[in-house]
file run-v5.pdb (PDB, C-alpha atoms, pLDDT in the B column)
MODEL        1
ATOM      1  CA  MET A  17      82.757  14.157 -81.533  1.00 91.00           C
ATOM      2  CA  ASP A  18      80.214  11.519 -82.621  1.00 93.00           C
ATOM      3  CA  PHE A  19      78.264   8.908 -80.686  1.00 94.00           C
ATOM      4  CA  LYS A  20      75.705   6.308 -81.726  1.00 95.00           C
ATOM      5  CA  PHE A  21      73.212   4.525 -79.489  1.00 95.00           C
ATOM      6  CA  ASP A  22      70.709   1.792 -80.344  1.00 95.00           C
ATOM      7  CA  ILE A  23      67.124   2.093 -79.103  1.00 96.00           C
ATOM      8  CA  GLU A  24      64.945  -0.972 -78.602  1.00 95.00           C
ATOM      9  CA  GLY A  25      61.259  -0.552 -79.443  1.00 94.00           C
ATOM     10  CA  GLY A  26      58.854  -1.589 -76.681  1.00 91.00           C
ATOM     11  CA  ASN A  27      61.539  -2.053 -74.004  1.00 90.00           C
ATOM     12  CA  PHE A  28      60.711   0.457 -71.271  1.00 89.00           C
ATOM     13  CA  SER A  29      63.290  -0.941 -68.864  1.00 89.00           C
ATOM     14  CA  LYS A  30      66.006   0.385 -71.175  1.00 91.00           C
ATOM     15  CA  ALA A  31      64.257   3.589 -72.238  1.00 93.00           C
ATOM     16  CA  GLY A  32      66.402   6.566 -71.352  1.00 94.00           C
ATOM     17  CA  THR A  33      69.772   4.812 -71.295  1.00 95.00           C
ATOM     18  CA  ALA A  34      70.948   6.614 -74.446  1.00 96.00           C
ATOM     19  CA  SER A  35      69.831  10.009 -73.112  1.00 96.00           C
ATOM     20  CA  SER A  36      71.512   9.237 -69.796  1.00 96.00           C
ATOM     21  CA  ASP A  37      74.812   8.494 -71.575  1.00 96.00           C
ATOM     22  CA  VAL A  38      74.553  11.757 -73.551  1.00 95.00           C
ATOM     23  CA  LYS A  39      73.968  13.631 -70.282  1.00 96.00           C
ATOM     24  CA  LYS A  40      77.158  12.149 -68.816  1.00 95.00           C
ATOM     25  CA  VAL A  41      79.152  13.229 -71.894  1.00 95.00           C
ATOM     26  CA  LEU A  42      77.772  16.795 -71.783  1.00 95.00           C
ATOM     27  CA  LYS A  43      78.581  17.040 -68.064  1.00 94.00           C
ATOM     28  CA  LYS A  44      82.162  15.957 -68.745  1.00 94.00           C
ATOM     29  CA  LEU A  45      82.394  18.668 -71.408  1.00 93.00           C
ATOM     30  CA  ASN A  46      81.290  21.246 -68.800  1.00 93.00           C
ATOM     31  CA  VAL A  47      78.253  22.352 -70.784  1.00 93.00           C
ATOM     32  CA  ASP A  48      75.988  24.750 -68.834  1.00 93.00           C
ATOM     33  CA  PRO A  49      73.690  22.583 -66.612  1.00 94.00           C
ATOM     34  CA  LYS A  50      70.557  24.489 -67.694  1.00 93.00           C
ATOM     35  CA  LEU A  51      71.387  23.767 -71.329  1.00 94.00           C
ATOM     36  CA  ILE A  52      72.161  20.118 -70.524  1.00 96.00           C
ATOM     37  CA  LYS A  53      68.707  19.817 -68.976  1.00 96.00           C
ATOM     38  CA  ARG A  54      67.024  21.283 -72.083  1.00 96.00           C
ATOM     39  CA  ILE A  55      68.981  18.956 -74.371  1.00 96.00           C
ATOM     40  CA  VAL A  56      68.509  15.752 -72.386  1.00 97.00           C
ATOM     41  CA  VAL A  57      64.816  16.368 -71.696  1.00 97.00           C
ATOM     42  CA  SER A  58      64.203  16.769 -75.427  1.00 96.00           C
ATOM     43  CA  ILE A  59      66.247  13.736 -76.490  1.00 96.00           C
ATOM     44  CA  TYR A  60      64.698  11.637 -73.699  1.00 96.00           C
ATOM     45  CA  GLU A  61      61.237  12.565 -74.993  1.00 95.00           C
ATOM     46  CA  ALA A  62      62.346  11.508 -78.473  1.00 95.00           C
ATOM     47  CA  GLU A  63      63.914   8.287 -77.181  1.00 96.00           C
ATOM     48  CA  VAL A  64      60.709   7.400 -75.301  1.00 94.00           C
ATOM     49  CA  ASN A  65      58.753   8.044 -78.511  1.00 93.00           C
ATOM     50  CA  VAL A  66      60.856   5.422 -80.307  1.00 95.00           C
ATOM     51  CA  VAL A  67      60.372   2.920 -77.458  1.00 94.00           C
ATOM     52  CA  ALA A  68      56.640   3.671 -77.341  1.00 92.00           C
ATOM     53  CA  HIS A  69      55.852   3.658 -81.060  1.00 92.00           C
ATOM     54  CA  ALA A  70      58.603   2.075 -83.156  1.00 93.00           C
ATOM     55  CA  TYR A  71      60.182  -1.370 -83.605  1.00 95.00           C
ATOM     56  CA  GLU A  72      63.757  -0.156 -83.337  1.00 95.00           C
ATOM     57  CA  GLY A  73      65.807   2.969 -83.719  1.00 96.00           C
ATOM     58  CA  GLU A  74      69.122   4.687 -83.233  1.00 96.00           C
ATOM     59  CA  MET A  75      70.316   7.949 -81.795  1.00 97.00           C
ATOM     60  CA  ASN A  76      73.235   9.698 -83.483  1.00 97.00           C
ATOM     61  CA  VAL A  77      74.843  12.511 -81.539  1.00 96.00           C
ATOM     62  CA  SER A  78      77.319  14.980 -83.050  1.00 97.00           C
ATOM     63  CA  ILE A  79      78.919  17.504 -80.732  1.00 95.00           C
ATOM     64  CA  PHE A  80      80.622  20.581 -82.184  1.00 95.00           C
ATOM     65  CA  PRO A  81      82.118  23.531 -80.276  1.00 92.00           C
ATOM     66  CA  GLU A  82      79.078  25.666 -81.088  1.00 94.00           C
ATOM     67  CA  LYS A  83      76.201  23.180 -81.293  1.00 95.00           C
ATOM     68  CA  ILE A  84      74.936  19.680 -80.661  1.00 96.00           C
ATOM     69  CA  ILE A  85      72.987  17.815 -83.317  1.00 97.00           C
ATOM     70  CA  VAL A  86      70.960  14.726 -82.358  1.00 97.00           C
ATOM     71  CA  ARG A  87      69.317  12.611 -85.045  1.00 97.00           C
ATOM     72  CA  ILE A  88      66.915   9.909 -83.919  1.00 97.00           C
ATOM     73  CA  VAL A  89      65.899   7.556 -86.694  1.00 97.00           C
ATOM     74  CA  ASP A  90      63.421   4.726 -86.242  1.00 95.00           C
ATOM     75  CA  LYS A  91      61.825   1.903 -88.143  1.00 96.00           C
ATOM     76  CA  GLY A  92      58.168   2.042 -87.278  1.00 93.00           C
ATOM     77  CA  PRO A  93      54.658   3.042 -88.273  1.00 93.00           C
ATOM     78  CA  GLY A  94      55.616   6.635 -89.093  1.00 94.00           C
ATOM     79  CA  ILE A  95      53.549   9.759 -88.391  1.00 92.00           C
ATOM     80  CA  PRO A  96      50.681  10.298 -90.874  1.00 90.00           C
ATOM     81  CA  ASP A  97      50.082  13.936 -89.904  1.00 90.00           C
ATOM     82  CA  ILE A  98      53.072  15.709 -88.304  1.00 89.00           C
ATOM     83  CA  GLU A  99      51.159  18.959 -87.767  1.00 90.00           C
ATOM     84  CA  LEU A 100      48.517  17.071 -85.790  1.00 89.00           C
ATOM     85  CA  ALA A 101      51.185  15.171 -83.829  1.00 89.00           C
ATOM     86  CA  MET A 102      52.735  18.520 -82.816  1.00 88.00           C
ATOM     87  CA  GLN A 103      49.509  19.633 -81.129  1.00 87.00           C
ATOM     88  CA  LYS A 104      49.493  19.478 -77.335  1.00 88.00           C
ATOM     89  CA  GLY A 105      47.312  16.605 -76.115  1.00 86.00           C
ATOM     90  CA  TYR A 106      47.260  14.611 -79.351  1.00 85.00           C
ATOM     91  CA  SER A 107      48.541  11.072 -78.846  1.00 87.00           C
ATOM     92  CA  THR A 108      48.233   7.608 -80.357  1.00 86.00           C
ATOM     93  CA  ALA A 109      50.020   5.905 -77.448  1.00 86.00           C
ATOM     94  CA  SER A 110      48.843   2.504 -76.235  1.00 87.00           C
ATOM     95  CA  PRO A 111      47.387   1.924 -72.730  1.00 87.00           C
ATOM     96  CA  GLU A 112      50.692   0.229 -71.785  1.00 86.00           C
ATOM     97  CA  VAL A 113      52.629   3.384 -72.669  1.00 87.00           C
ATOM     98  CA  ARG A 114      50.188   5.509 -70.661  1.00 89.00           C
ATOM     99  CA  GLU A 115      50.668   3.212 -67.659  1.00 85.00           C
ATOM    100  CA  MET A 116      54.364   4.108 -67.793  1.00 87.00           C
ATOM    101  CA  GLY A 117      53.446   7.782 -67.325  1.00 88.00           C
ATOM    102  CA  PHE A 118      53.691   8.857 -70.960  1.00 89.00           C
ATOM    103  CA  GLY A 119      51.374   9.219 -73.939  1.00 82.00           C
ATOM    104  CA  ALA A 120      49.745  12.491 -72.926  1.00 83.00           C
ATOM    105  CA  GLY A 121      50.494  14.173 -76.230  1.00 84.00           C
ATOM    106  CA  MET A 122      53.134  16.413 -74.660  1.00 85.00           C
ATOM    107  CA  GLY A 123      56.302  14.887 -76.117  1.00 88.00           C
ATOM    108  CA  LEU A 124      56.757  16.629 -79.458  1.00 91.00           C
ATOM    109  CA  PRO A 125      55.609  20.063 -78.167  1.00 92.00           C
ATOM    110  CA  ASN A 126      58.059  19.696 -75.267  1.00 93.00           C
ATOM    111  CA  ILE A 127      60.865  18.743 -77.654  1.00 95.00           C
ATOM    112  CA  LYS A 128      60.116  21.880 -79.672  1.00 94.00           C
ATOM    113  CA  LYS A 129      60.145  24.010 -76.512  1.00 94.00           C
ATOM    114  CA  ASN A 130      63.590  22.716 -75.526  1.00 96.00           C
ATOM    115  CA  THR A 131      65.390  22.835 -78.870  1.00 96.00           C
ATOM    116  CA  ASN A 132      66.631  25.651 -81.080  1.00 96.00           C
ATOM    117  CA  GLU A 133      65.745  23.741 -84.239  1.00 96.00           C
ATOM    118  CA  LEU A 134      63.500  20.722 -84.689  1.00 96.00           C
ATOM    119  CA  ASN A 135      63.107  18.898 -87.996  1.00 96.00           C
ATOM    120  CA  ILE A 136      60.830  15.901 -88.451  1.00 96.00           C
ATOM    121  CA  LYS A 137      60.583  13.666 -91.493  1.00 95.00           C
ATOM    122  CA  SER A 138      58.297  10.669 -91.556  1.00 95.00           C
ATOM    123  CA  GLU A 139      57.023   8.051 -93.944  1.00 94.00           C
ATOM    124  CA  VAL A 140      54.001   5.964 -93.016  1.00 95.00           C
ATOM    125  CA  GLY A 141      54.902   2.282 -92.717  1.00 95.00           C
ATOM    126  CA  VAL A 142      58.636   3.017 -92.877  1.00 96.00           C
ATOM    127  CA  GLY A 143      59.688   5.218 -89.980  1.00 95.00           C
ATOM    128  CA  THR A 144      60.510   8.629 -88.612  1.00 95.00           C
ATOM    129  CA  GLU A 145      63.611  10.815 -88.425  1.00 97.00           C
ATOM    130  CA  VAL A 146      63.767  13.545 -85.811  1.00 96.00           C
ATOM    131  CA  GLU A 147      66.634  16.050 -85.839  1.00 97.00           C
ATOM    132  CA  LEU A 148      67.232  18.248 -82.808  1.00 97.00           C
ATOM    133  CA  ILE A 149      69.759  21.079 -82.869  1.00 97.00           C
ATOM    134  CA  ASN A 150      70.817  23.042 -79.807  1.00 96.00           C
ATOM    135  CA  TYR A 151      73.383  25.856 -79.847  1.00 95.00           C
ATOM    136  CA  LEU A 152      75.877  25.718 -77.018  1.00 89.00           C
ATOM    137  CA  ASN A 153      76.465  29.464 -76.677  1.00 78.00           C
TER
ATOM    138  CA  MET B  12      61.301  26.000 -48.260  1.00 91.00           C
ATOM    139  CA  ILE B  13      61.357  22.837 -46.132  1.00 94.00           C
ATOM    140  CA  LYS B  14      63.949  20.378 -44.936  1.00 93.00           C
ATOM    141  CA  VAL B  15      64.172  16.683 -45.781  1.00 92.00           C
ATOM    142  CA  SER B  16      63.977  15.882 -42.053  1.00 93.00           C
ATOM    143  CA  GLN B  17      60.615  17.725 -41.828  1.00 95.00           C
ATOM    144  CA  ILE B  18      59.165  15.510 -44.545  1.00 95.00           C
ATOM    145  CA  ILE B  19      60.311  12.419 -42.673  1.00 94.00           C
ATOM    146  CA  ASN B  20      58.759  13.683 -39.421  1.00 95.00           C
ATOM    147  CA  ASP B  21      55.495  15.200 -40.637  1.00 96.00           C
ATOM    148  CA  LEU B  22      54.592  12.567 -43.236  1.00 97.00           C
ATOM    149  CA  ASN B  23      55.941   9.565 -41.334  1.00 96.00           C
ATOM    150  CA  ALA B  24      58.105   9.022 -44.387  1.00 97.00           C
ATOM    151  CA  GLN B  25      61.113   6.782 -44.761  1.00 96.00           C
ATOM    152  CA  LEU B  26      64.357   7.617 -46.473  1.00 95.00           C
ATOM    153  CA  VAL B  27      65.030   4.560 -48.638  1.00 95.00           C
ATOM    154  CA  CYS B  28      67.831   5.767 -50.889  1.00 92.00           C
ATOM    155  CA  GLY B  29      70.350   8.582 -51.098  1.00 84.00           C
ATOM    156  CA  ASN B  30      73.171   9.925 -48.950  1.00 75.00           C
ATOM    157  CA  THR B  31      71.207  13.013 -48.108  1.00 78.00           C
ATOM    158  CA  ASP B  32      71.942  15.651 -45.532  1.00 85.00           C
ATOM    159  CA  LEU B  33      68.609  15.707 -43.702  1.00 88.00           C
ATOM    160  CA  ASN B  34      69.014  19.439 -43.091  1.00 87.00           C
ATOM    161  CA  GLN B  35      69.062  20.148 -46.803  1.00 90.00           C
ATOM    162  CA  ASP B  36      66.413  22.600 -48.008  1.00 93.00           C
ATOM    163  CA  ILE B  37      63.913  21.849 -50.764  1.00 95.00           C
ATOM    164  CA  ASP B  38      62.325  24.823 -52.550  1.00 95.00           C
ATOM    165  CA  PHE B  39      59.541  23.479 -54.757  1.00 97.00           C
ATOM    166  CA  GLY B  40      57.062  20.624 -54.961  1.00 97.00           C
ATOM    167  CA  PHE B  41      55.273  19.120 -57.936  1.00 98.00           C
ATOM    168  CA  ALA B  42      52.815  16.237 -57.743  1.00 98.00           C
ATOM    169  CA  SER B  43      51.984  14.050 -60.716  1.00 96.00           C
ATOM    170  CA  ASP B  44      51.730  10.474 -61.911  1.00 96.00           C
ATOM    171  CA  LEU B  45      52.218  11.714 -65.453  1.00 94.00           C
ATOM    172  CA  MET B  46      55.893  11.859 -66.423  1.00 94.00           C
ATOM    173  CA  SER B  47      54.993  13.804 -69.583  1.00 92.00           C
ATOM    174  CA  ASP B  48      53.944  16.665 -67.275  1.00 93.00           C
ATOM    175  CA  VAL B  49      57.013  16.311 -65.052  1.00 95.00           C
ATOM    176  CA  LEU B  50      59.277  16.724 -68.093  1.00 95.00           C
ATOM    177  CA  THR B  51      57.809  20.185 -68.753  1.00 94.00           C
ATOM    178  CA  ILE B  52      58.877  21.565 -65.352  1.00 94.00           C
ATOM    179  CA  ASP B  53      61.805  24.001 -65.308  1.00 91.00           C
ATOM    180  CA  SER B  54      62.175  24.604 -61.546  1.00 90.00           C
ATOM    181  CA  ASP B  55      65.324  23.606 -59.696  1.00 90.00           C
ATOM    182  CA  ASN B  56      65.630  21.950 -56.286  1.00 94.00           C
ATOM    183  CA  LEU B  57      62.296  20.212 -56.615  1.00 97.00           C
ATOM    184  CA  LEU B  58      60.503  17.407 -54.764  1.00 97.00           C
ATOM    185  CA  LEU B  59      58.480  15.165 -57.069  1.00 98.00           C
ATOM    186  CA  VAL B  60      55.456  13.678 -55.293  1.00 98.00           C
ATOM    187  CA  THR B  61      54.175  10.650 -57.187  1.00 98.00           C
ATOM    188  CA  GLY B  62      52.500   7.284 -56.944  1.00 97.00           C
ATOM    189  CA  LEU B  63      54.009   6.053 -60.192  1.00 96.00           C
ATOM    190  CA  ASN B  64      56.734   3.656 -59.130  1.00 94.00           C
ATOM    191  CA  ASN B  65      58.566   2.435 -62.167  1.00 94.00           C
ATOM    192  CA  LEU B  66      62.020   2.907 -63.649  1.00 94.00           C
ATOM    193  CA  GLN B  67      60.865   5.770 -65.880  1.00 95.00           C
ATOM    194  CA  THR B  68      59.977   7.819 -62.787  1.00 96.00           C
ATOM    195  CA  ILE B  69      63.676   7.732 -61.903  1.00 97.00           C
ATOM    196  CA  ARG B  70      64.795   8.308 -65.515  1.00 96.00           C
ATOM    197  CA  THR B  71      62.455  11.283 -65.819  1.00 96.00           C
ATOM    198  CA  SER B  72      63.850  12.736 -62.585  1.00 97.00           C
ATOM    199  CA  GLU B  73      67.396  12.156 -63.790  1.00 97.00           C
ATOM    200  CA  MET B  74      66.730  14.029 -67.046  1.00 96.00           C
ATOM    201  CA  SER B  75      64.853  16.840 -65.290  1.00 96.00           C
ATOM    202  CA  ASP B  76      67.516  17.300 -62.571  1.00 96.00           C
ATOM    203  CA  ILE B  77      64.978  16.480 -59.864  1.00 96.00           C
ATOM    204  CA  PRO B  78      66.933  15.647 -56.683  1.00 95.00           C
ATOM    205  CA  TYR B  79      64.073  14.340 -54.465  1.00 96.00           C
ATOM    206  CA  ILE B  80      61.218  11.878 -55.057  1.00 97.00           C
ATOM    207  CA  LEU B  81      58.474  11.131 -52.525  1.00 98.00           C
ATOM    208  CA  PHE B  82      56.435   8.004 -53.291  1.00 98.00           C
ATOM    209  CA  VAL B  83      52.938   8.200 -51.821  1.00 98.00           C
ATOM    210  CA  ARG B  84      50.102   5.644 -51.394  1.00 97.00           C
ATOM    211  CA  ASP B  85      52.617   3.182 -49.895  1.00 96.00           C
ATOM    212  CA  LYS B  86      54.298   2.653 -53.256  1.00 97.00           C
ATOM    213  CA  LYS B  87      57.743   1.099 -52.943  1.00 96.00           C
ATOM    214  CA  ALA B  88      60.837   1.690 -55.019  1.00 97.00           C
ATOM    215  CA  SER B  89      62.347  -1.510 -56.467  1.00 96.00           C
ATOM    216  CA  GLU B  90      66.038  -2.343 -56.058  1.00 96.00           C
ATOM    217  CA  GLU B  91      66.599  -1.430 -59.712  1.00 96.00           C
ATOM    218  CA  MET B  92      64.977   1.952 -59.129  1.00 96.00           C
ATOM    219  CA  LYS B  93      67.061   2.560 -55.999  1.00 97.00           C
ATOM    220  CA  ASN B  94      70.278   1.644 -57.826  1.00 96.00           C
ATOM    221  CA  LEU B  95      69.508   4.030 -60.681  1.00 95.00           C
ATOM    222  CA  ALA B  96      68.565   6.768 -58.211  1.00 96.00           C
ATOM    223  CA  GLU B  97      71.829   6.291 -56.293  1.00 95.00           C
ATOM    224  CA  GLU B  98      73.783   6.513 -59.535  1.00 94.00           C
ATOM    225  CA  SER B  99      71.965   9.734 -60.429  1.00 93.00           C
ATOM    226  CA  GLY B 100      72.246  11.329 -56.977  1.00 93.00           C
ATOM    227  CA  ILE B 101      68.500  11.199 -56.358  1.00 96.00           C
ATOM    228  CA  THR B 102      67.026  10.826 -52.876  1.00 96.00           C
ATOM    229  CA  ILE B 103      63.927   8.624 -52.524  1.00 97.00           C
ATOM    230  CA  LEU B 104      61.410   8.886 -49.709  1.00 97.00           C
ATOM    231  CA  GLU B 105      58.332   6.714 -49.221  1.00 98.00           C
ATOM    232  CA  CYS B 106      55.160   7.367 -47.232  1.00 97.00           C
ATOM    233  CA  ARG B 107      51.787   5.688 -46.750  1.00 97.00           C
ATOM    234  CA  TYR B 108      49.696   8.842 -47.188  1.00 98.00           C
ATOM    235  CA  SER B 109      47.532   9.587 -50.224  1.00 97.00           C
ATOM    236  CA  MET B 110      48.863  12.133 -52.671  1.00 97.00           C
ATOM    237  CA  PHE B 111      46.232  14.660 -51.565  1.00 97.00           C
ATOM    238  CA  ARG B 112      47.088  14.279 -47.884  1.00 97.00           C
ATOM    239  CA  ALA B 113      50.820  14.409 -48.541  1.00 97.00           C
ATOM    240  CA  CYS B 114      50.487  17.521 -50.693  1.00 97.00           C
ATOM    241  CA  SER B 115      48.289  19.355 -48.202  1.00 97.00           C
ATOM    242  CA  ILE B 116      50.818  18.704 -45.427  1.00 97.00           C
ATOM    243  CA  LEU B 117      53.766  19.726 -47.624  1.00 97.00           C
ATOM    244  CA  CYS B 118      51.960  22.899 -48.643  1.00 96.00           C
ATOM    245  CA  ASN B 119      51.229  23.809 -45.014  1.00 95.00           C
ATOM    246  CA  MET B 120      54.884  23.177 -44.180  1.00 95.00           C
ATOM    247  CA  GLY B 121      55.909  25.836 -46.698  1.00 94.00           C
ATOM    248  CA  LEU B 122      56.908  23.897 -49.803  1.00 96.00           C
ATOM    249  CA  GLU B 123      56.292  26.184 -52.783  1.00 96.00           C
ATOM    250  CA  PRO B 124      54.227  25.119 -55.803  1.00 96.00           C
ATOM    251  CA  VAL B 125      55.825  25.365 -59.247  1.00 95.00           C
ATOM    252  CA  TYR B 126      52.909  27.407 -60.585  1.00 92.00           C
TER
ENDMDL
END
call {"tool": "encode", "arguments": {"input": "run-v5.pdb", "output": "structure tokens"}}
result
Amino acid sequence: MDFKFDIEGGNFSKAGTASSDVKKVLKKLNVDPKLIKRIVVSIYEAEVNVVAHAYEGEMNVSIFPEKIIVRIVDKGPGIPDIELAMQKGYSTASPEVREMGFGAGMGLPNIKKNTNELNIKSEVGVGTEVELINYLN
Amino acid sequence: MIKVSQIINDLNAQLVCGNTDLNQDIDFGFASDLMSDVLTIDSDNLLLVTGLNNLQTIRTSEMSDIPYILFVRDKKASEEMKNLAEESGITILECRYSMFRACSILCNMGLEPVY
């Protein structure tokens, strides 16, 4: 089962709509609520990252009987140092993003905490691809 | 553990959204204006105390399965926020008290901290 959602960079009024739709799908599939929370928190963090940092992006969701794979690809500034970006408290978010309650440098570490596998690829000046894998059993 | 009705009485709060049973119990409280922090909380049946009144407060609560939000400092939920909260089964309360005052009262009432 595959789904695709567009993410608009800079538009905080729409941020979270893709994650919300994924949550509804997982609920319909009777996935364990604790696992749904882990999955949607991590993809919401990733979706907010696209809104906060990139120009545009898309979320591709593939649901298998044993796992869910979410790939979030954006066109944006990219991450120059992924290891640094993974450190708690490190952030390059703008004041506007911080006013929305984000940009504390908690996003990527929280994604890692809530996923079984996290893969990040990024090219400066081109964009970032984040892959999140969660096992359903 | 406290009841929704106790919050309304002791904090002079108003229920502005949600078809809530006022006798429903709430186990935990967490206060923050930083949604990044809220997203790290694992506890169930939680009241979020916040002064950050924007749509992402509701989205964050939706993702984190937070069923109750108390806006402090006389912050008001917009119609858009109320609609999203209704859709997500989230109850919104509003009060005029500062976050510190609200939290001290909630703590004395028996609402448990997350950590």
call {"tool": "interface_residues", "arguments": {"input": "run-v5.pdb", "of": "chain A", "to": "chain B", "cutoff": "7 Å", "atoms": "all atoms listed in the file", "output": "PyMOL selection string"}}
result
chain A and resi 29+32+53+56-57+116-118+120+122-123+126
call {"tool": "residues_around", "arguments": {"input": "run-v5.pdb", "residues": "range 102-109 of chain A", "least_positions_apart": "4", "cutoff": "12 Å", "atoms": "all atoms listed in the file", "output": "PyMOL selection string"}}
result
(chain A and resi 26+64-70+93-98+113-129+134-136) or (chain B and resi 47-48+51)
call {"tool": "resolve_selection", "arguments": {"input": "run-v5.pdb", "expression": "the PyMOL selection byres ((chain B and resi 108) around 6)", "output": "number ranges by chain"}}
result
B: 83-84, 106-107, 109, 113
call {"tool": "atom_distance", "arguments": {"input": "run-v5.pdb", "atom1": "CA of Asp32 in chain B", "atom2": "CA of Lys44 in chain A"}}
result
25.4 Å
call {"tool": "atom_distance", "arguments": {"input": "run-v5.pdb", "atom1": "CA of Gly25 in chain A", "atom2": "CA of Lys83 in chain A"}}
result
28.1 Å
call {"tool": "atom_distance", "arguments": {"input": "run-v5.pdb", "atom1": "CA of Phe82 in chain B", "atom2": "CA of Thr31 in chain B"}}
result
16.4 Å
call {"tool": "closest_residue", "arguments": {"input": "run-v5.pdb", "among": "B:Asn56, B:Gln17, B:Thr102, B:Gln25", "to": "Ile80 in chain B", "atoms": "all atoms listed in the file"}}
result
B:Thr102
call {"tool": "closest_residue", "arguments": {"input": "run-v5.pdb", "among": "A:Ile88, A:Ile79, A:Val146, A:Val140", "to": "Leu45 in chain A", "atoms": "all atoms listed in the file"}}
result
A:Ile79
call {"tool": "closest_residue", "arguments": {"input": "run-v5.pdb", "among": "B:Leu95, B:Met12, B:Met120, B:Ile77", "to": "Ile37 in chain B", "atoms": "only C-alpha atoms"}}
result
B:Met12
call {"tool": "resolve_selection", "arguments": {"input": "run-v5.pdb", "expression": "the PyMOL selection byres ((chain A and resi 85) around 6)", "output": "MDAnalysis selection string"}}
result
chainID A and resid 77:78 84 86 148:149
call {"tool": "resolve_selection", "arguments": {"input": "run-v5.pdb", "expression": "the PyMOL selection byres ((chain A and resi 22) around 7)", "output": "list in words"}}
result
Lys20, Phe21, Ile23, Glu24, Gly73, Glu74 and Met75 of chain A
call {"tool": "residues_around", "arguments": {"input": "run-v5.pdb", "residues": "Gly143 in chain A", "least_positions_apart": "4", "cutoff": "6 Å", "atoms": "only C-alpha atoms", "output": "MDAnalysis selection string"}}
result
chainID A and resid 90:94 138:139
call {"tool": "closest_residue", "arguments": {"input": "run-v5.pdb", "among": "A:Ile55, A:Ala62, A:Leu100, A:Val38", "to": "Thr131 in chain A", "atoms": "only C-alpha atoms"}}
result
A:Ile55
call {"tool": "axis_aligned_box", "arguments": {"input": "run-v5.pdb", "around": "range 95-105 of chain B", "padding_each_side": "3 Å", "output": "AutoDock Vina command-line options"}}
result
--center_x 66.1 --center_y 7.7 --center_z -55.0 --size_x 21.5 --size_y 13.3 --size_z 17.5
call {"tool": "residues_around", "arguments": {"input": "run-v5.pdb", "residues": "Ile13 in chain B", "least_positions_apart": "3", "cutoff": "12 Å", "atoms": "all atoms listed in the file", "output": "JSON, numbers by chain"}}
result
{"B": [16, 17, 18, 19, 20, 21, 33, 34, 35, 36, 37, 38, 39, 40, 56, 57, 58, 116, 117, 118, 119, 120, 121, 122, 123]}
call {"tool": "write_last_selection", "arguments": {"input": "run-v5.pdb", "atoms": "C-alpha atoms", "output": "compact mmCIF listing (two decimals), in the coordinates of the input"}}
result
# COMPACT_ATOMS: atom_id res chain seq x y z
CA SER B 16 63.98 15.88 -42.05
CA GLN B 17 60.62 17.73 -41.83
CA ILE B 18 59.16 15.51 -44.54
CA ILE B 19 60.31 12.42 -42.67
CA ASN B 20 58.76 13.68 -39.42
CA ASP B 21 55.50 15.20 -40.64
CA LEU B 33 68.61 15.71 -43.70
CA ASN B 34 69.01 19.44 -43.09
CA GLN B 35 69.06 20.15 -46.80
CA ASP B 36 66.41 22.60 -48.01
CA ILE B 37 63.91 21.85 -50.76
CA ASP B 38 62.32 24.82 -52.55
CA PHE B 39 59.54 23.48 -54.76
CA GLY B 40 57.06 20.62 -54.96
CA ASN B 56 65.63 21.95 -56.29
CA LEU B 57 62.30 20.21 -56.62
CA LEU B 58 60.50 17.41 -54.76
CA ILE B 116 50.82 18.70 -45.43
CA LEU B 117 53.77 19.73 -47.62
CA CYS B 118 51.96 22.90 -48.64
CA ASN B 119 51.23 23.81 -45.01
CA MET B 120 54.88 23.18 -44.18
CA GLY B 121 55.91 25.84 -46.70
CA LEU B 122 56.91 23.90 -49.80
CA GLU B 123 56.29 26.18 -52.78
call {"tool": "closest_residue", "arguments": {"input": "run-v5.pdb", "among": "B:Thr61, B:Ser89, B:Ser54, B:Leu81", "to": "Leu104 in chain B", "atoms": "only C-alpha atoms"}}
result
B:Leu81
call {"tool": "decode", "arguments": {"input": "run-v5.pdb", "residues": "range 95-103 of chain A", "atoms": "N, CA and C atoms", "output": "CSV table (one decimal), in the first residue's frame"}}
result
chain,number,residue,atom,x,y,z
A,95,ILE,N,21.9,19.5,4.4
A,95,ILE,CA,22.5,19.5,5.7
A,95,ILE,C,24.0,19.4,5.5
A,96,PRO,N,24.8,20.4,5.8
A,96,PRO,CA,26.2,20.3,5.6
A,96,PRO,C,26.9,19.2,6.5
A,97,ASP,N,26.4,19.1,7.7
A,97,ASP,CA,27.1,18.2,8.6
A,97,ASP,C,26.0,17.4,9.4
A,98,ILE,N,25.7,16.2,8.9
A,98,ILE,CA,24.6,15.4,9.4
A,98,ILE,C,24.9,15.0,10.9
A,99,GLU,N,26.1,14.6,11.2
A,99,GLU,CA,26.5,14.2,12.5
A,99,GLU,C,26.2,15.4,13.5
A,100,LEU,N,26.5,16.6,13.1
A,100,LEU,CA,26.3,17.7,14.0
A,100,LEU,C,24.7,18.0,14.1
A,101,ALA,N,24.0,17.8,13.0
A,101,ALA,CA,22.6,18.0,13.0
A,101,ALA,C,21.9,17.0,13.9
A,102,MET,N,22.5,15.8,14.1
A,102,MET,CA,21.9,14.8,15.0
A,102,MET,C,22.1,15.1,16.4
A,103,GLN,N,22.9,16.0,16.8
A,103,GLN,CA,23.2,16.3,18.2
A,103,GLN,C,22.0,17.1,18.8
